>>> print(open('protein_34.cif').read())   # mmCIF, C-alpha atoms and all ligand atoms
data_final
loop_
_atom_site.group_PDB
_atom_site.id
_atom_site.type_symbol
_atom_site.label_atom_id
_atom_site.label_comp_id
_atom_site.auth_asym_id
_atom_site.auth_seq_id
_atom_site.Cartn_x
_atom_site.Cartn_y
_atom_site.Cartn_z
ATOM 1 C CA MET D 1 105.835 84.949 109.982
ATOM 2 C CA ILE D 2 107.199 86.023 113.325
ATOM 3 C CA VAL D 3 108.692 89.437 114.032
ATOM 4 C CA LEU D 4 112.101 89.446 115.652
ATOM 5 C CA ASP D 5 112.745 91.721 118.599
ATOM 6 C CA PRO D 6 114.080 94.967 117.155
ATOM 7 C CA LEU D 7 117.729 94.668 116.162
ATOM 8 C CA GLN D 8 119.267 97.703 117.799
ATOM 9 C CA VAL D 9 122.079 99.959 116.686
ATOM 10 C CA VAL D 10 123.420 103.031 118.454
ATOM 11 C CA VAL D 11 125.262 105.721 116.522
ATOM 12 C CA ASP D 12 127.064 108.705 117.978
ATOM 13 C CA GLN D 13 126.660 112.338 117.045
ATOM 14 C CA THR D 14 128.443 113.322 113.866
ATOM 15 C CA PHE D 15 127.458 110.659 111.318
ATOM 16 C CA ASN D 16 129.962 112.295 109.013
ATOM 17 C CA ASN D 17 132.725 109.721 109.014
ATOM 18 C CA THR D 18 132.483 106.443 107.198
ATOM 19 C CA THR D 19 132.571 104.095 110.125
ATOM 20 C CA THR D 20 132.241 100.333 110.169
ATOM 21 C CA ASN D 21 131.878 98.151 113.235
ATOM 22 C CA THR D 22 133.405 94.738 112.718
ATOM 23 C CA GLY D 23 131.794 91.428 113.616
ATOM 24 C CA ALA D 24 128.137 90.562 113.198
ATOM 25 C CA PRO D 25 126.046 92.597 113.184
ATOM 26 C CA THR D 26 127.922 95.378 111.447
ATOM 27 C CA PHE D 27 126.730 98.896 110.902
ATOM 28 C CA ALA D 28 128.281 101.351 108.492
ATOM 29 C CA VAL D 29 127.853 104.840 107.134
ATOM 30 C CA VAL D 30 128.027 104.061 103.416
ATOM 31 C CA SER D 31 127.996 107.646 102.181
ATOM 32 C CA THR D 32 127.021 111.164 103.116
ATOM 33 C CA SER D 33 126.252 114.324 101.202
ATOM 34 C CA GLY D 34 125.242 117.904 101.804
ATOM 35 C CA ILE D 35 127.532 119.141 104.584
ATOM 36 C CA GLY D 36 127.560 122.935 104.309
ATOM 37 C CA THR D 37 124.032 123.034 102.865
ATOM 38 C CA PRO D 38 120.587 123.055 104.558
ATOM 39 C CA THR D 39 120.086 119.332 103.777
ATOM 40 C CA TYR D 40 122.430 116.606 104.942
ATOM 41 C CA ALA D 41 121.858 112.986 103.858
ATOM 42 C CA ILE D 42 123.378 109.881 105.427
ATOM 43 C CA ASN D 43 123.143 106.374 103.956
ATOM 44 C CA TYR D 44 123.452 103.511 106.427
ATOM 45 C CA ARG D 45 123.919 99.770 105.971
ATOM 46 C CA TYR D 46 123.101 97.238 108.667
ATOM 47 C CA THR D 47 124.338 93.666 108.223
ATOM 48 C CA THR D 48 123.558 90.712 110.454
ATOM 49 C CA ASP D 49 123.469 86.923 110.472
ATOM 50 C CA LEU D 50 119.965 85.557 109.830
ATOM 51 C CA SER D 51 121.120 82.119 108.643
ATOM 52 C CA ALA D 52 119.170 80.484 111.484
ATOM 53 C CA TYR D 53 116.035 81.599 109.639
ATOM 54 C CA GLY D 54 117.107 80.515 106.177
ATOM 55 C CA TYR D 55 118.510 83.887 105.144
ATOM 56 C CA SER D 56 122.063 84.857 104.316
ATOM 57 C CA PRO D 57 124.636 85.085 107.151
ATOM 58 C CA THR D 58 125.316 88.552 105.737
ATOM 59 C CA SER D 59 121.757 89.808 105.352
ATOM 60 C CA SER D 60 121.849 93.564 104.974
ATOM 61 C CA PHE D 61 119.408 96.442 105.118
ATOM 62 C CA ASP D 62 120.060 99.899 103.706
ATOM 63 C CA PHE D 63 118.306 102.985 104.958
ATOM 64 C CA ALA D 64 118.839 106.718 104.829
ATOM 65 C CA MET D 65 118.386 109.644 107.129
ATOM 66 C CA THR D 66 117.967 113.208 105.954
ATOM 67 C CA VAL D 67 118.638 116.148 108.261
ATOM 68 C CA THR D 68 117.301 119.554 107.298
ATOM 69 C CA THR D 69 117.347 122.997 108.869
ATOM 70 C CA THR D 70 115.831 126.346 108.064
ATOM 71 C CA ASP D 71 118.527 128.071 110.149
ATOM 72 C CA GLY D 72 121.448 128.355 107.762
ATOM 73 C CA ASN D 73 123.439 125.284 106.813
ATOM 74 C CA ILE D 74 124.166 121.945 108.442
ATOM 75 C CA ASN D 75 127.724 122.194 109.668
ATOM 76 C CA ASN D 76 130.217 119.585 110.641
ATOM 77 C CA ALA D 77 131.782 120.823 113.839
ATOM 78 C CA GLY D 78 131.984 117.543 115.701
ATOM 79 C CA THR D 79 128.275 117.507 116.328
ATOM 80 C CA LEU D 80 125.555 118.418 113.911
ATOM 81 C CA GLY D 81 124.151 121.912 114.216
ATOM 82 C CA ALA D 82 123.102 124.948 112.240
ATOM 83 C CA THR D 83 125.464 127.722 111.209
ATOM 84 C CA ASN D 84 123.161 130.621 112.090
ATOM 85 C CA GLY D 85 123.179 132.196 115.522
ATOM 86 C CA ALA D 86 126.011 132.498 117.978
ATOM 87 C CA SER D 87 127.446 129.020 117.484
ATOM 88 C CA GLY D 88 127.627 126.074 115.132
ATOM 89 C CA SER D 89 125.435 124.142 117.521
ATOM 90 C CA ILE D 90 121.662 124.411 117.813
ATOM 91 C CA ASP D 91 121.249 127.845 119.383
ATOM 92 C CA PRO D 92 117.992 128.987 120.992
ATOM 93 C CA GLY D 93 115.383 129.286 118.251
ATOM 94 C CA GLU D 94 117.193 126.939 115.876
ATOM 95 C CA SER D 95 116.100 123.421 114.973
ATOM 96 C CA LEU D 96 117.039 120.335 112.972
ATOM 97 C CA THR D 97 114.586 117.865 111.426
ATOM 98 C CA TYR D 98 115.552 114.193 110.961
ATOM 99 C CA THR D 99 113.642 111.894 108.602
ATOM 100 C CA LEU D 100 114.280 108.199 107.926
ATOM 101 C CA SER D 101 113.599 106.584 104.565
ATOM 102 C CA TYR D 102 113.893 102.927 103.541
ATOM 103 C CA THR D 103 112.487 100.202 101.353
ATOM 104 C CA PRO D 104 111.613 96.887 103.053
ATOM 105 C CA THR D 105 114.223 94.363 101.918
ATOM 106 C CA GLY D 106 114.082 90.581 102.388
ATOM 107 C CA PRO D 107 113.299 89.866 106.051
ATOM 108 C CA PHE D 108 113.834 93.521 107.025
ATOM 109 C CA THR D 109 110.538 95.343 107.372
ATOM 110 C CA GLY D 110 111.638 98.758 108.563
ATOM 111 C CA VAL D 111 113.483 100.937 111.024
ATOM 112 C CA THR D 112 112.511 103.495 113.620
ATOM 113 C CA ILE D 113 114.389 105.987 115.744
ATOM 114 C CA GLY D 114 114.255 104.752 119.327
ATOM 115 C CA ASN D 115 116.142 107.126 121.591
ATOM 116 C CA VAL D 116 117.693 110.532 120.959
ATOM 117 C CA GLN D 117 120.049 112.461 123.195
ATOM 118 C CA SER D 118 121.160 116.086 122.944
ATOM 119 C CA TYR D 119 124.560 117.131 124.218
ATOM 120 C CA GLY D 120 124.648 120.401 126.132
ATOM 121 C CA SER D 121 122.536 122.350 128.586
ATOM 122 C CA GLY D 122 120.175 123.896 126.053
ATOM 123 C CA ASP D 123 116.518 123.185 126.835
ATOM 124 C CA MET D 124 115.294 120.996 123.985
ATOM 125 C CA ARG D 125 111.884 120.200 122.575
ATOM 126 C CA VAL D 126 111.507 117.122 120.387
ATOM 127 C CA THR D 127 108.404 116.692 118.236
ATOM 128 C CA SER D 128 107.447 114.084 115.639
ATOM 129 C CA THR D 129 104.717 113.590 113.065
ATOM 130 C CA SER D 130 103.881 110.499 115.166
ATOM 131 C CA GLY D 131 102.503 112.877 117.817
ATOM 132 C CA TYR D 132 105.507 112.831 120.131
ATOM 133 C CA ASP D 133 106.049 116.233 121.818
ATOM 134 C CA VAL D 134 108.369 116.435 124.827
ATOM 135 C CA THR D 135 110.430 119.295 126.268
ATOM 136 C CA ASN D 136 113.390 118.328 128.466
ATOM 137 C CA THR D 137 115.358 120.971 130.405
ATOM 138 C CA ALA D 138 117.972 118.621 131.893
ATOM 139 C CA ASN D 139 121.600 118.710 130.849
ATOM 140 C CA ASN D 140 122.223 116.275 127.972
ATOM 141 C CA PRO D 141 118.473 115.653 127.706
ATOM 142 C CA GLY D 142 117.252 112.275 126.473
ATOM 143 C CA PHE D 143 114.098 111.497 124.515
ATOM 144 C CA PHE D 144 112.455 108.112 124.127
ATOM 145 C CA LEU D 145 110.437 108.222 120.969
ATOM 146 C CA ASP D 146 109.690 105.443 118.497
ATOM 147 C CA ALA D 147 109.193 107.181 115.200
ATOM 148 C CA ASN D 148 110.482 107.656 111.671
ATOM 149 C CA ASP D 149 111.146 111.357 112.106
ATOM 150 C CA PHE D 150 111.695 114.066 114.667
ATOM 151 C CA THR D 151 112.441 117.748 114.953
ATOM 152 C CA ILE D 152 114.729 118.924 117.741
ATOM 153 C CA GLU D 153 114.346 122.602 118.625
ATOM 154 C CA ASN D 154 116.286 124.613 121.166
ATOM 155 C CA VAL D 155 113.724 126.353 123.400
ATOM 156 C CA ASP D 156 116.244 127.539 126.001
ATOM 157 C CA PRO D 157 115.247 130.909 127.552
ATOM 158 C CA GLY D 158 118.928 131.880 127.728
ATOM 159 C CA THR D 159 121.810 131.207 125.397
ATOM 160 C CA ALA D 160 122.571 127.547 126.169
ATOM 161 C CA THR D 161 123.146 125.367 123.112
ATOM 162 C CA GLY D 162 122.765 121.705 122.233
ATOM 163 C CA SER D 163 123.503 119.225 119.496
ATOM 164 C CA PRO D 164 122.073 115.786 118.815
ATOM 165 C CA GLY D 165 124.236 113.090 120.348
ATOM 166 C CA TYR D 166 123.395 109.427 120.516
ATOM 167 C CA ILE D 167 120.617 108.106 118.333
ATOM 168 C CA ASN D 168 119.375 104.543 118.630
ATOM 169 C CA PHE D 169 117.882 102.773 115.616
ATOM 170 C CA ARG D 170 115.461 99.876 115.991
ATOM 171 C CA ILE D 171 115.576 97.671 112.909
ATOM 172 C CA ALA D 172 112.674 95.246 112.465
ATOM 173 C CA ALA D 173 112.788 91.902 110.682
ATOM 174 C CA ALA D 174 110.128 89.245 110.097
ATOM 175 C CA VAL D 175 111.179 85.615 109.573
ATOM 176 C CA PRO D 176 109.267 82.418 108.699
ATOM 177 C CA GLU D 177 107.689 80.421 111.500
ATOM 178 C CA PRO D 178 109.013 76.909 112.201
ATOM 179 C CA SER D 179 107.551 74.581 109.561
ATOM 180 C CA SER D 180 104.235 72.893 110.271
ATOM 181 C CA THR D 181 105.856 69.457 109.859
ATOM 182 C CA ALA D 182 108.317 70.271 112.661
ATOM 183 C CA LEU D 183 105.400 71.313 114.874
ATOM 184 C CA LEU D 184 103.552 68.079 113.999
ATOM 185 C CA GLY D 185 106.638 66.091 114.993
ATOM 186 C CA LEU D 186 106.775 67.862 118.343
ATOM 187 C CA GLY D 187 103.076 67.157 118.911
ATOM 188 C CA LEU D 188 103.486 63.428 118.196
ATOM 189 C CA SER D 189 106.447 62.981 120.514
ATOM 190 C CA SER D 190 104.672 64.705 123.414
ATOM 191 C CA LEU D 191 101.656 62.435 122.763
ATOM 192 C CA LEU D 192 103.905 59.344 122.905
ATOM 193 C CA LEU D 193 105.531 60.580 126.118
ATOM 194 C CA ARG D 194 102.133 61.039 127.692
ATOM 195 C CA ARG D 195 101.003 57.511 126.725
ATOM 196 C CA ARG D 196 104.045 55.934 128.317
ATOM 197 C CA ARG D 197 103.201 57.317 131.754
HETATM 198 CA CA CA I 1 123.677 127.846 115.504
HETATM 199 CA CA CA I 2 118.898 123.327 130.383
#
>>> encode(input="protein_34.cif", output="structure tokens")
Amino acid sequence: MIVLDPLQVVVDQTFNNTTTNTGAPTFAVVSTSGIGTPTYAINYRYTTDLSAYGYSPTSSFDFAMTVTTTDGNINNAGTLGATNGASGSIDPGESLTYTLSYTPTGPFTGVTIGNVQSYGSGDMRVTSTSGYDVTNTANNPGFFLDANDFTIENVDPGTATGSPGYINFRIAAAVPEPSSTALLGLGLSSLLLRRRR
């Protein structure tokens, strides 16, 4: 088996609308639940054409992301945040935790969170059970992790807020290697070419 370069998808901020991108690959929010509670769940479906590898031209992979907070409820004010504090965003001291879950399906072996961006000027710290731990004080800070989970916490010394913006998913697939008979054929023809010289 060979592992394809990660198939990448970028989603923007709210995750609350059912959105579908047309063409191949397509990426859709299939369903969501839990807005207004401390746990928000999003079900995603990624579909792409793997017919070149003997799989369906509409091969799809479902995975879910759960967002939890201990700071009130997950609200839906354009960007995800927590309802405690001065705003519906992530205020200083508040945090959100994101966790991916999936079952390997067909050629799809898994998914990780690649990049995360926070909108706003709030100083943000992103940690993960993978060991990632980075604080970024820039405006709209970006984080380049490669993990199945992360917690984003506002560590701003003032009152500046933030909310998760773009998140990039890296979907992995493994496909069969070219058949050994095809490789043998290639070997024979290069041998013949060499003999002719
Ligand atoms: Ca808040
Ligand atoms: Ca800042």
>>> atom_distance(input="protein_34.cif", atom1="CA of Thr105 (chain D)", atom2="CA of Tyr132 (chain D)")
27.4 Å
>>> resolve_selection(input="protein_34.cif", expression="the PyMOL selection byres (((chain D and resi 104) around 12) and not hetatm)", output="JSON, numbers by chain")
{"D": [60, 61, 62, 63, 101, 102, 103, 105, 106, 107, 108, 109, 110, 111, 171, 172, 173, 174]}
>>> write_last_selection(input="protein_34.cif", atoms="C-alpha atoms", output="short mmCIF file (atom, residue, chain, number, x, y, z; two decimals), in the frame of the given file")
data_model
loop_
_atom_site.label_atom_id
_atom_site.label_comp_id
_atom_site.auth_asym_id
_atom_site.auth_seq_id
_atom_site.Cartn_x
_atom_site.Cartn_y
_atom_site.Cartn_z
CA SER D 60 121.85 93.56 104.97
CA PHE D 61 119.41 96.44 105.12
CA ASP D 62 120.06 99.90 103.71
CA PHE D 63 118.31 102.98 104.96
CA SER D 101 113.60 106.58 104.56
CA TYR D 102 113.89 102.93 103.54
CA THR D 103 112.49 100.20 101.35
CA THR D 105 114.22 94.36 101.92
CA GLY D 106 114.08 90.58 102.39
CA PRO D 107 113.30 89.87 106.05
CA PHE D 108 113.83 93.52 107.02
CA THR D 109 110.54 95.34 107.37
CA GLY D 110 111.64 98.76 108.56
CA VAL D 111 113.48 100.94 111.02
CA ILE D 171 115.58 97.67 112.91
CA ALA D 172 112.67 95.25 112.46
CA ALA D 173 112.79 91.90 110.68
CA ALA D 174 110.13 89.24 110.10
#
>>> residues_near_ligand(input="protein_34.cif", ligand="ligand CA 1 (chain I)", cutoff="9 Å", atoms="only C-alpha atoms and all ligand atoms", output="PyMOL selection string")
chain D and resi 71-72+81-95+161
>>> write_last_selection(input="protein_34.cif", atoms="C-alpha atoms", output="tab-separated table (two decimals), keeping the file's coordinate frame")
chain	number	residue	atom	x	y	z
D	71	ASP	CA	118.53	128.07	110.15
D	72	GLY	CA	121.45	128.35	107.76
D	81	GLY	CA	124.15	121.91	114.22
D	82	ALA	CA	123.10	124.95	112.24
D	83	THR	CA	125.46	127.72	111.21
D	84	ASN	CA	123.16	130.62	112.09
D	85	GLY	CA	123.18	132.20	115.52
D	86	ALA	CA	126.01	132.50	117.98
D	87	SER	CA	127.45	129.02	117.48
D	88	GLY	CA	127.63	126.07	115.13
D	89	SER	CA	125.44	124.14	117.52
D	90	ILE	CA	121.66	124.41	117.81
D	91	ASP	CA	121.25	127.84	119.38
D	92	PRO	CA	117.99	128.99	120.99
D	93	GLY	CA	115.38	129.29	118.25
D	94	GLU	CA	117.19	126.94	115.88
D	95	SER	CA	116.10	123.42	114.97
D	161	THR	CA	123.15	125.37	123.11
>>> closest_residue(input="protein_34.cif", among="D:Ala147, D:Val10, D:Leu100, D:Met65", to="Tyr40 (chain D)", atoms="all atoms listed in the file")
D:Met65
>>> resolve_selection(input="protein_34.cif", expression="the PyMOL selection byres (((chain D and resi 41) around 8) and not hetatm)", output="list in words")
Thr32, Ser33, Gly34, Thr39, Tyr40, Ile42, Asn43, Ala64, Met65, Thr66 and Val67 of chain D
>>> closest_residue(input="protein_34.cif", among="D:Met124, D:Ile167, D:Ile2, D:Val134", to="ligand CA 2 (chain I)", atoms="only C-alpha atoms and all ligand atoms")
D:Met124
>>> residues_around(input="protein_34.cif", residues="region 35-37 of chain D", least_positions_apart="3", cutoff="7 Å", atoms="only C-alpha atoms", output="PDB file with C-alpha atoms, keeping the file's coordinate frame")
ATOM      1  CA  TYR D  40     122.430 116.606 104.942  1.00  0.00           C
ATOM      2  CA  ASN D  73     123.439 125.284 106.813  1.00  0.00           C
ATOM      3  CA  ILE D  74     124.166 121.945 108.442  1.00  0.00           C
ATOM      4  CA  ASN D  75     127.724 122.194 109.668  1.00  0.00           C
ATOM      5  CA  ASN D  76     130.217 119.585 110.641  1.00  0.00           C
TER       6      ASN D  76
END
>>> atom_distance(input="protein_34.cif", atom1="CA of Asp49 (chain D)", atom2="CA of Ile113 (chain D)")
21.8 Å
>>> closest_atom_pairs(input="protein_34.cif", of="chain D", to="ligand CA 2 (chain I)", cutoff="10 Å", atoms="only C-alpha atoms and all ligand atoms", output="JSON lines")
{"residue": "D:Gly120", "atom": "CA", "partner": "I:CA2", "partner_atom": "CA", "distance": 7.7}
{"residue": "D:Ser121", "atom": "CA", "partner": "I:CA2", "partner_atom": "CA", "distance": 4.2}
{"residue": "D:Gly122", "atom": "CA", "partner": "I:CA2", "partner_atom": "CA", "distance": 4.6}
{"residue": "D:Asp123", "atom": "CA", "partner": "I:CA2", "partner_atom": "CA", "distance": 4.3}
{"residue": "D:Met124", "atom": "CA", "partner": "I:CA2", "partner_atom": "CA", "distance": 7.7}
{"residue": "D:Asn136", "atom": "CA", "partner": "I:CA2", "partner_atom": "CA", "distance": 7.7}
{"residue": "D:Thr137", "atom": "CA", "partner": "I:CA2", "partner_atom": "CA", "distance": 4.3}
{"residue": "D:Ala138", "atom": "CA", "partner": "I:CA2", "partner_atom": "CA", "distance": 5.0}
{"residue": "D:Asn139", "atom": "CA", "partner": "I:CA2", "partner_atom": "CA", "distance": 5.4}
{"residue": "D:Asn140", "atom": "CA", "partner": "I:CA2", "partner_atom": "CA", "distance": 8.2}
{"residue": "D:Pro141", "atom": "CA", "partner": "I:CA2", "partner_atom": "CA", "distance": 8.1}
{"residue": "D:Asn154", "atom": "CA", "partner": "I:CA2", "partner_atom": "CA", "distance": 9.7}
{"residue": "D:Val155", "atom": "CA", "partner": "I:CA2", "partner_atom": "CA", "distance": 9.2}
{"residue": "D:Asp156", "atom": "CA", "partner": "I:CA2", "partner_atom": "CA", "distance": 6.6}
{"residue": "D:Pro157", "atom": "CA", "partner": "I:CA2", "partner_atom": "CA", "distance": 8.9}
{"residue": "D:Gly158", "atom": "CA", "partner": "I:CA2", "partner_atom": "CA", "distance": 9.0}
{"residue": "D:Thr159", "atom": "CA", "partner": "I:CA2", "partner_atom": "CA", "distance": 9.8}
{"residue": "D:Ala160", "atom": "CA", "partner": "I:CA2", "partner_atom": "CA", "distance": 7.0}
{"residue": "D:Thr161", "atom": "CA", "partner": "I:CA2", "partner_atom": "CA", "distance": 8.7}
{"residue": "D:Gly162", "atom": "CA", "partner": "I:CA2", "partner_atom": "CA", "distance": 9.2}
>>> write_last_selection(input="protein_34.cif", atoms="C-alpha atoms", output="PDB file, in the frame of the given file")
ATOM      1  CA  GLY D 120     124.648 120.401 126.132  1.00  0.00           C
ATOM      2  CA  SER D 121     122.536 122.350 128.586  1.00  0.00           C
ATOM      3  CA  GLY D 122     120.175 123.896 126.053  1.00  0.00           C
ATOM      4  CA  ASP D 123     116.518 123.185 126.835  1.00  0.00           C
ATOM      5  CA  MET D 124     115.294 120.996 123.985  1.00  0.00           C
ATOM      6  CA  ASN D 136     113.390 118.328 128.466  1.00  0.00           C
ATOM      7  CA  THR D 137     115.358 120.971 130.405  1.00  0.00           C
ATOM      8  CA  ALA D 138     117.972 118.621 131.893  1.00  0.00           C
ATOM      9  CA  ASN D 139     121.600 118.710 130.849  1.00  0.00           C
ATOM     10  CA  ASN D 140     122.223 116.275 127.972  1.00  0.00           C
ATOM     11  CA  PRO D 141     118.473 115.653 127.706  1.00  0.00           C
ATOM     12  CA  ASN D 154     116.286 124.613 121.166  1.00  0.00           C
ATOM     13  CA  VAL D 155     113.724 126.353 123.400  1.00  0.00           C
ATOM     14  CA  ASP D 156     116.244 127.539 126.001  1.00  0.00           C
ATOM     15  CA  PRO D 157     115.247 130.909 127.552  1.00  0.00           C
ATOM     16  CA  GLY D 158     118.928 131.880 127.728  1.00  0.00           C
ATOM     17  CA  THR D 159     121.810 131.207 125.397  1.00  0.00           C
ATOM     18  CA  ALA D 160     122.571 127.547 126.169  1.00  0.00           C
ATOM     19  CA  THR D 161     123.146 125.367 123.112  1.00  0.00           C
ATOM     20  CA  GLY D 162     122.765 121.705 122.233  1.00  0.00           C
TER      21      GLY D 162
END
>>> atom_distance(input="protein_34.cif", atom1="CA of Leu7 (chain D)", atom2="CA of Thr69 (chain D)")
29.3 Å
>>> closest_residue(input="protein_34.cif", among="D:Phe150, D:Tyr98, D:Tyr53, D:Phe143", to="Val116 (chain D)", atoms="only C-alpha atoms")
D:Phe143
>>> closest_residue(input="protein_34.cif", among="D:Pro164, D:Pro176, D:Gly114, D:Gly142", to="Pro6 (chain D)", atoms="all atoms listed in the file")
D:Gly114
>>> closest_residue(input="protein_34.cif", among="D:Ser163, D:Thr99, D:Asn115, D:Ser130", to="Leu145 (chain D)", atoms="all atoms listed in the file")
D:Asn115
>>> axis_aligned_box(input="protein_34.cif", around="region 47-61 of chain D", padding_each_side="5 Å", output="lines of an AutoDock Vina configuration file")
center_x = 120.7
center_y = 88.5
center_z = 107.9
size_x = 19.3
size_y = 26.0
size_z = 17.2
>>> residues_near_point(input="protein_34.cif", point="(112.6, 120.7, 115.8)", cutoff="6 Å", atoms="all atoms listed in the file", output="PyMOL selection string")
chain D and resi 95-97+126+151-153
>>> decode(input="protein_34.cif", residues="region 95-169 of chain D", atoms="C-alpha atoms", output="compact mmCIF listing (two decimals), in the first residue's frame")
# COMPACT_ATOMS: atom_id res chain seq x y z
CA SER D 95 -11.27 28.10 26.34
CA LEU D 96 -12.70 25.66 23.81
CA THR D 97 -11.53 22.07 23.28
CA TYR D 98 -11.83 20.42 19.84
CA THR D 99 -11.63 16.64 19.41
CA LEU D 100 -11.84 14.65 16.16
CA SER D 101 -13.32 11.17 15.98
CA TYR D 102 -13.53 8.78 13.02
CA THR D 103 -13.49 5.17 11.94
CA PRO D 104 -11.08 4.23 9.12
CA THR D 105 -13.22 3.54 6.05
CA GLY D 106 -12.08 1.90 2.81
CA PRO D 107 -8.91 3.66 1.64
CA PHE D 108 -9.32 6.44 4.22
CA THR D 109 -7.10 5.87 7.22
CA GLY D 110 -7.72 8.98 9.28
CA VAL D 111 -7.79 12.73 9.62
CA THR D 112 -5.83 15.30 11.57
CA ILE D 113 -6.20 18.99 12.24
CA GLY D 114 -3.44 20.77 10.35
CA ASN D 115 -3.70 24.51 10.88
CA VAL D 116 -5.88 26.59 13.18
CA GLN D 117 -6.41 30.33 13.13
CA SER D 118 -8.06 32.56 15.73
CA TYR D 119 -9.81 35.74 14.68
CA GLY D 120 -9.20 38.74 16.91
CA SER D 121 -6.41 40.31 18.92
CA GLY D 122 -6.75 38.10 21.99
CA ASP D 123 -3.49 36.37 22.91
CA MET D 124 -4.13 32.67 22.37
CA ARG D 125 -2.51 29.52 23.67
CA VAL D 126 -3.13 26.27 21.81
CA THR D 127 -2.31 22.95 23.46
CA SER D 128 -2.89 19.35 22.38
CA THR D 129 -2.60 15.90 23.90
CA SER D 130 0.01 15.36 21.15
CA GLY D 131 2.33 17.66 23.13
CA TYR D 132 1.77 20.81 21.08
CA ASP D 133 1.88 23.96 23.27
CA VAL D 134 2.23 27.35 21.57
CA THR D 135 1.20 30.85 22.64
CA ASN D 136 0.77 33.43 19.87
CA THR D 137 0.18 37.12 20.67
CA ALA D 138 -0.22 38.33 17.08
CA ASN D 139 -3.52 39.55 15.71
CA ASN D 140 -5.45 36.68 14.10
CA PRO D 141 -2.84 34.22 15.41
CA GLY D 142 -2.17 31.04 13.45
CA PHE D 143 -1.10 27.65 14.78
CA PHE D 144 0.45 24.83 12.80
CA LEU D 145 -0.28 21.65 14.65
CA ASP D 146 -0.89 18.16 13.29
CA ALA D 147 -3.10 16.50 15.84
CA ASN D 148 -6.50 14.98 16.54
CA ASP D 149 -7.39 17.48 19.23
CA PHE D 150 -6.56 20.89 20.61
CA THR D 151 -7.60 23.32 23.29
CA ILE D 152 -7.56 27.03 22.49
CA GLU D 153 -7.39 29.29 25.54
CA ASN D 154 -7.43 33.06 25.68
CA VAL D 155 -4.43 34.13 27.78
CA ASP D 156 -4.69 37.84 26.93
CA PRO D 157 -3.57 40.08 29.84
CA GLY D 158 -6.26 42.61 28.88
CA THR D 159 -9.75 42.17 27.55
CA ALA D 160 -9.07 41.27 23.91
CA THR D 161 -11.13 38.37 22.58
CA GLY D 162 -10.76 35.72 19.89
CA SER D 163 -12.66 32.98 18.15
CA PRO D 164 -11.45 30.04 16.10
CA GLY D 165 -11.43 30.87 12.41
CA TYR D 166 -10.02 28.71 9.68
CA ILE D 167 -9.27 25.09 10.43
CA ASN D 168 -7.51 22.86 7.93
CA PHE D 169 -8.15 19.12 7.92
